[in-house]
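Written below as structure tokens is the structure these notes are about.
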Amino acid sequence: ASGANVDAMDGLALAREAGSAKAVNLVLLGRFSRYLDIPKESWMSSIEACVQPKFLEMNKKAFELGMGE
């Protein structure tokens with residue numbers, strides 16, 4: 001009735017599925033990205049620029065799980 005939209009998900013479970021509960025921030029970022037007009041390639045380039053190589057694949061997976069892919 002208030003006009004608010006709720007987008008519920010189990011972010012912690014998705015982060016664990018990606019490889020670590022610590023990746024929950026990337027899961028949430030992935031979900032948030034659905035509401036912005038920024039290409040996925042731009043998000044991925046930013047993640048690649050900011051995340052240490054040993055954690056990169058896990059964080060990319062967490063982002064994609066958050067997006068719902």
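Just remember, in the structure tokens the first chain shown is A, the second B, etc., residues are 1-based per chain, and ligands are 1-based in the order shown.
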What's the 12 Å shell around segment 3-7 of chain A, counting only C-alpha atoms, without same-chain residues fewer than 2 positions away, as a PDB file with C-alpha atoms, in the first residue's frame?
```pdb
ATOM      1  CA  ALA A   1       0.000   0.000   0.000  1.00  0.00           C
ATOM      2  CA  MET A   9      16.700 -13.034  -1.104  1.00  0.00           C
ATOM      3  CA  ASP A  10      18.970 -15.101   1.109  1.00  0.00           C
ATOM      4  CA  GLY A  11      22.184 -13.197   0.432  1.00  0.00           C
ATOM      5  CA  LEU A  28      24.096  -7.518  -2.561  1.00  0.00           C
ATOM      6  CA  ARG A  31      21.156  -7.468  -6.704  1.00  0.00           C
ATOM      7  CA  PHE A  32      21.469  -3.674  -6.542  1.00  0.00           C
ATOM      8  CA  ARG A  34      19.551  -4.847 -11.431  1.00  0.00           C
ATOM      9  CA  TYR A  35      18.077  -1.435 -10.636  1.00  0.00           C
ATOM     10  CA  GLY A  66      23.003 -11.717  -6.683  1.00  0.00           C
ATOM     11  CA  MET A  67      21.910 -10.579 -10.130  1.00  0.00           C
ATOM     12  CA  GLY A  68      19.890 -13.754 -10.412  1.00  0.00           C
TER      13      GLY A  68
END
```
Apply DSSP to the backbone of this structure and, from chain A, keep only the residues in alpha helix (DSSP H); write these as JSON, numbers by chain.
{"A": [11, 12, 13, 14, 15, 16, 17, 18, 24, 25, 26, 27, 28, 29, 30, 31, 32, 33, 40, 41, 42, 43, 44, 45, 46, 47, 48, 49, 50, 53, 54, 55, 56, 57, 58, 59, 60, 61, 62, 63, 64, 65, 66, 67]}
Contact residues around segment 39-53 of chain A with only C-alpha atoms at 12 Å, ignoring same-chain residues under 2 positions, as a tab-separated table (two decimals) with C-alpha atoms, in the first residue's frame:
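Below is the file around-v8.tsv, written as the result:
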```tsv
chain	number	residue	atom	x	y	z
A	23	ALA	CA	31.20	-12.49	-0.40
A	25	ASN	CA	28.69	-7.75	-0.18
A	26	LEU	CA	29.12	-8.77	-3.84
A	29	LEU	CA	25.91	-5.41	-5.15
A	30	GLY	CA	24.76	-7.82	-7.84
A	31	ARG	CA	21.16	-7.47	-6.70
A	32	PHE	CA	21.47	-3.67	-6.54
A	33	SER	CA	22.89	-3.61	-10.07
A	34	ARG	CA	19.55	-4.85	-11.43
A	35	TYR	CA	18.08	-1.43	-10.64
A	36	LEU	CA	20.73	0.68	-12.34
A	37	ASP	CA	21.28	1.27	-16.04
A	55	PHE	CA	39.35	-13.92	-4.75
A	56	LEU	CA	38.25	-12.71	-8.17
A	57	GLU	CA	36.33	-15.73	-9.48
A	58	MET	CA	34.46	-16.19	-6.19
A	59	ASN	CA	33.46	-12.53	-6.12
A	60	LYS	CA	32.36	-12.55	-9.75
A	61	LYS	CA	30.24	-15.62	-9.05
A	62	ALA	CA	28.73	-13.94	-5.98
A	63	PHE	CA	27.87	-10.87	-8.05
A	64	GLU	CA	26.19	-13.01	-10.72
A	67	MET	CA	21.91	-10.58	-10.13
A	69	GLU	CA	21.82	-15.37	-13.23
```
